[in-house]
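Asker: Provided herewith is a single structure, encoded as structure tokens, for subsequent inquiry.
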Amino acid sequence: MDTNPRVKKALFGKLENGELSCGLCPHNCRLPEGSLGICGTRRNSGGQLFSLIYGCVSSLGVDPIEKKPLYHFYPGSRILSAGTVGCNFRCSFCQNWEISQNTYFPCRFVEPRALVSSAEEQKSIGIAYTYSEPLIWYEYVSDCAKLCKSKRLKNVLVTNGYINREPLEQILPYIDAMNVDLKSFNDGFYRKLCKGTLEPVLNTIRTASKSCHIEITNLLIPGENDSESEIDAMSRWIEENTGRQTPLHISKYFPRYRLNAPETGAEAIKTARDIALKHLDFVYAGNVDMPGASDTLCPECGAVLIERSGYNTEIMNLKENICGKCGSEINIISS
């Protein structure tokens with residue numbers, strides 16, 4: 001298998017009593033000879049665990065950092081975004097299912113050095129590992145992230161957060177920012193619609209928030225995760241575990257893949273945002289035209305610090321991470 005550059009010995013394989021398991025994510029898949037994990041990208045071959053997607057790039061492009069979405073991490077900058085195929089969730093509402101749920105999607109092989117060189121050539125601040133679930137791409141992301149660090153470039157993960165503690169702690173020293181998709185604050189939702197569980201995602205958010213900049217996205221799905229009590233509980237948990245200044249992005253859902261719930265109405269986004277603002281200073285509306293709901297305001301004096309229209313960003317009353325009006329310190333990394 002080692003003649004194929006996309007096939008690489010994987011980390012976190014565990015052989016116990018003749019049985020191989022993968023310890024990368026909380027599924028802890030047990031893998032008989034020749035079988036794949038739930039992600040569809042890690043295989044038992046001859047009693048050893050291999051990744052089948054090393055350097056396998058399905059999507060590549062330079063994006064505004066706000067598209068990740070990251071609103072408080074080098075606002076107005078651009079970042080090289082790279083994605084692979086596969087996912088360790090099976091979300092029936094996946095907004096990017098063509099690559100996340102299809103491991104046969106066409107890819108090209110890109111060496112880590114070539115990807116990092118591309119980020120340098122594009123005058124990007126670094127690399128965002130995104131589009132599909134980057135943590136199943138662990139070996140490649142780890143190699144690229146280490147190279148990025150050596151070049152003083154930034155590493156960003158846009159992730160579902162479903163990873164075990166050991167691999168998370170090993171990669172965090174190389175990660176500068178994360179956006180974690182907190183799909184719901186209800187374990188039943190995760191089990192029913194994602195084929196996963198909630199607690200490991202919360203553990204990732206807690207752990208990562210102590211190591212790097214973190215923002216959270218919640219895709220609001222009518223009738224599934226949009227109750228006022230759930231939004232209140234979620235935003236309260238974020239406040240208590242990562243702080244009031246943790247940015248939360250509440251995004252509009254569109255019917256995709258296997259879920260045909262109606263798209264989220266603007267009023268539902270507004271209601272959820274109003275509830276979350278009781279606990280959090282920065283709550284943003286995503287994928288919806290809501291004037292002012294993407295702007296960053298000083299939580300102390302109300303001054304507009306960053307004005308946004310789509311992905312266009314204008315920094316106004318902000319000096320690095322200080323409000324230019326009242327001098328309050330803001331959870332923004334800009335230099």
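A note on labels: chains of the structure tokens are A, B, ... as shown, every chain counts residues from 1, and ligands are counted from 1 in their shown order.
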For Glu199 of chain A, work out the shell of residues within 12 Å, counting only C-alpha atoms and skipping chain neighbours fewer than 3 positions away, then give it as an MDAnalysis selection string.
Answerer: chainID A and resid 26 161:165 182:188 190:191 196 202:206
Asker: Please report, as CSV, each residue of segment 56-89 of chain A lying at most 7 Å from segment 118-126 of chain A, together with the nearest pair of atoms and the separation in Å rounded to one decimal; use only C-alpha atoms, and order rows by chain and ascending residue number.
Answerer:
residue,atom,partner,partner_atom,distance
A:Arg78,CA,A:Ser124,CA,5.5
A:Ile79,CA,A:Ser124,CA,4.7
A:Leu80,CA,A:Ala119,CA,5.7
Asker: Taking only C-alpha atoms into account, which of A:Pro222, A:Gly40, A:Gly46, A:Gly55 comes nearest Glu19 of chain A?
Answerer: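 Answer, going by the shortest atom-to-atom distance: A:Gly46.
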Asker: Leaving out segment 309-321 of chain A and any residue of its chain fewer than 6 positions from it, which residues lie within 8 Å of it when counting only C-alpha atoms, given as JSON, numbers by chain?
Answerer: {"A": [64, 66, 67, 75, 76, 294, 303, 329, 330, 331, 332, 333, 334, 335]}
Asker: Those same residues - N, CA and C atoms - I'd like them written as a tab-separated table (two decimals), in the first residue's frame.
Answerer:
chain	number	residue	atom	x	y	z
A	64	PRO	N	-12.03	34.85	1.98
A	64	PRO	CA	-12.00	35.78	3.12
A	64	PRO	C	-12.07	34.97	4.41
A	66	GLU	N	-13.57	35.65	6.92
A	66	GLU	CA	-14.95	35.73	7.43
A	66	GLU	C	-15.81	34.58	6.92
A	67	LYS	N	-15.39	33.93	5.83
A	67	LYS	CA	-16.20	32.85	5.25
A	67	LYS	C	-16.10	31.57	6.06
A	75	PRO	N	-9.42	39.93	11.07
A	75	PRO	CA	-10.54	40.38	10.22
A	75	PRO	C	-10.06	41.10	8.97
A	76	GLY	N	-10.72	40.81	7.85
A	76	GLY	CA	-10.37	41.43	6.58
A	76	GLY	C	-9.26	40.73	5.83
A	294	SER	N	-24.18	41.34	11.51
A	294	SER	CA	-22.83	40.81	11.28
A	294	SER	C	-21.75	41.79	11.75
A	303	ALA	N	-19.94	51.11	20.44
A	303	ALA	CA	-19.33	51.62	19.21
A	303	ALA	C	-19.18	50.50	18.18
A	329	GLU	N	-10.97	46.21	26.21
A	329	GLU	CA	-10.25	45.13	25.51
A	329	GLU	C	-11.26	44.18	24.87
A	330	ILE	N	-11.02	43.83	23.62
A	330	ILE	CA	-11.96	43.03	22.84
A	330	ILE	C	-11.27	41.71	22.45
A	331	ASN	N	-12.01	40.64	22.44
A	331	ASN	CA	-11.48	39.33	22.04
A	331	ASN	C	-11.34	39.27	20.53
A	332	ILE	N	-10.34	39.99	20.00
A	332	ILE	CA	-10.06	40.01	18.57
A	332	ILE	C	-8.55	39.90	18.38
A	333	ILE	N	-8.14	39.02	17.48
A	333	ILE	CA	-6.73	38.91	17.13
A	333	ILE	C	-6.54	39.56	15.77
A	334	SER	N	-5.75	40.62	15.73
A	334	SER	CA	-5.59	41.34	14.46
A	334	SER	C	-4.13	41.56	14.08
A	335	SER	N	-3.21	41.17	14.95
A	335	SER	CA	-1.79	41.31	14.61
A	335	SER	C	-0.97	40.40	15.53
Asker: So that I can see what lies close to Tyr140 of chain A, please list as a PDB file with C-alpha atoms, in the first residue's frame the residues with an atom at most 10 Å from it, counting only C-alpha atoms and leaving out residues fewer than 6 positions away in the same chain.
Answerer:
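Contents of part-v6.pdb, freshly written:
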ATOM      1  CA  ARG A   6      -2.269   9.020  -0.663  1.00  0.00           C
ATOM      2  CA  LYS A   8      -0.012   6.587   4.740  1.00  0.00           C
ATOM      3  CA  ALA A  10      -2.153   6.322  10.310  1.00  0.00           C
ATOM      4  CA  SER A  51      -5.131   6.716   6.090  1.00  0.00           C
ATOM      5  CA  ILE A  53      -6.544  10.364   1.958  1.00  0.00           C
ATOM      6  CA  TYR A  54      -3.085  11.728   2.732  1.00  0.00           C
ATOM      7  CA  GLY A  55      -2.598  14.728   0.446  1.00  0.00           C
ATOM      8  CA  CYS A  56      -5.964  14.078  -1.183  1.00  0.00           C
ATOM      9  CA  VAL A 110      -0.797  17.882  -3.063  1.00  0.00           C
ATOM     10  CA  GLU A 111       2.380  17.480  -1.040  1.00  0.00           C
ATOM     11  CA  PRO A 112       2.426  19.400   2.262  1.00  0.00           C
ATOM     12  CA  PRO A 134     -10.342  18.111   8.582  1.00  0.00           C
TER      13      PRO A 134
END
Asker: With only C-alpha atoms as the atoms that count, which of A:Leu280, A:Cys298, A:Val7, A:Val158 lies nearest to Met234 of chain A?
Answerer: A:Leu280
Asker: If we count only C-alpha atoms and set the cut-off at 12 Å, which residues sit around Gly286 of chain A, ignoring sequence neighbours fewer than 4 positions away in its own chain? Please answer as an NGL selection string.
Answerer: :A and (66-71 or 216-220 or 248-254 or 264-266 or 269-270 or 272-273 or 290-295 or 308-311)
Asker: Any chance you could export the current selection's C-alpha atoms as a PDB file, in the first residue's frame?
Answerer:
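Final file, out-v7.pdb:
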ATOM      1  CA  GLU A  66     -14.950  35.726   7.429  1.00  0.00           C
ATOM      2  CA  LYS A  67     -16.196  32.848   5.251  1.00  0.00           C
ATOM      3  CA  LYS A  68     -14.930  30.202   7.692  1.00  0.00           C
ATOM      4  CA  PRO A  69     -16.654  31.932   9.614  1.00  0.00           C
ATOM      5  CA  LEU A  70     -14.056  33.647  11.784  1.00  0.00           C
ATOM      6  CA  TYR A  71     -14.947  37.247  12.614  1.00  0.00           C
ATOM      7  CA  ILE A 216     -18.614  28.527  17.378  1.00  0.00           C
ATOM      8  CA  THR A 217     -21.208  28.001  14.659  1.00  0.00           C
ATOM      9  CA  ASN A 218     -24.740  26.729  15.164  1.00  0.00           C
ATOM     10  CA  LEU A 219     -26.823  25.871  12.093  1.00  0.00           C
ATOM     11  CA  LEU A 220     -30.417  26.563  13.124  1.00  0.00           C
ATOM     12  CA  LEU A 248     -21.202  32.595  18.192  1.00  0.00           C
ATOM     13  CA  HIS A 249     -22.467  32.392  14.607  1.00  0.00           C
ATOM     14  CA  ILE A 250     -26.116  31.386  14.228  1.00  0.00           C
ATOM     15  CA  SER A 251     -26.558  30.350  10.611  1.00  0.00           C
ATOM     16  CA  LYS A 252     -29.511  29.803   8.333  1.00  0.00           C
ATOM     17  CA  TYR A 253     -30.186  26.228   7.228  1.00  0.00           C
ATOM     18  CA  PHE A 254     -31.184  25.338   3.679  1.00  0.00           C
ATOM     19  CA  THR A 264     -34.759  28.811   8.524  1.00  0.00           C
ATOM     20  CA  GLY A 265     -36.730  32.038   8.586  1.00  0.00           C
ATOM     21  CA  ALA A 266     -35.078  35.374   9.364  1.00  0.00           C
ATOM     22  CA  ILE A 269     -32.501  33.675  13.458  1.00  0.00           C
ATOM     23  CA  LYS A 270     -33.318  37.008  15.093  1.00  0.00           C
ATOM     24  CA  ALA A 272     -32.168  32.914  18.595  1.00  0.00           C
ATOM     25  CA  ARG A 273     -29.656  35.755  18.366  1.00  0.00           C
ATOM     26  CA  MET A 290     -30.068  41.115   8.577  1.00  0.00           C
ATOM     27  CA  PRO A 291     -28.593  44.640   8.690  1.00  0.00           C
ATOM     28  CA  GLY A 292     -26.203  45.116  11.582  1.00  0.00           C
ATOM     29  CA  ALA A 293     -26.306  41.474  12.696  1.00  0.00           C
ATOM     30  CA  SER A 294     -22.827  40.813  11.285  1.00  0.00           C
ATOM     31  CA  ASP A 295     -21.214  43.927  12.735  1.00  0.00           C
ATOM     32  CA  ARG A 308     -19.524  43.893   7.544  1.00  0.00           C
ATOM     33  CA  SER A 309     -21.535  43.590   4.357  1.00  0.00           C
ATOM     34  CA  GLY A 310     -21.323  40.060   3.056  1.00  0.00           C
ATOM     35  CA  TYR A 311     -17.613  39.298   3.177  1.00  0.00           C
TER      36      TYR A 311
END
Asker: As a count of residues only, please: every residue in segment 82-279 of chain A that DSSP puts in strand (DSSP E).
Answerer: 32
Asker: Would you list the contacts of Lys278 of chain A as a list in words, taking every protein, DNA or RNA residue within 12 Å and counting only C-alpha atoms, but skipping same-chain residues closer than 3 positions in sequence?
Answerer: Ile231, Asp232, Ala233, Met234, Ser235, Arg236, Ile238, Glu239, Arg244, Gln245, Thr271, Ala272, Arg273, Asp274, Ile275, Asp281, Phe282, Val283 and Pro299 of chain A
Asker: Mind giving me the straight-line distance from atom CA of Asp181 of chain A to atom CA of Gln101 of chain A in Å, one decimal?
Answerer: 16.8 Å
Asker: With a distance cut-off of 10 Å and only C-alpha atoms, select the neighbouring residues of Arg113 of chain A, excluding the residue or stretch itself and same-chain residues fewer than 4 positions from it, and output the selection as a PyMOL selection string.
Answerer: chain A and resi 117-119+143-144+147-148
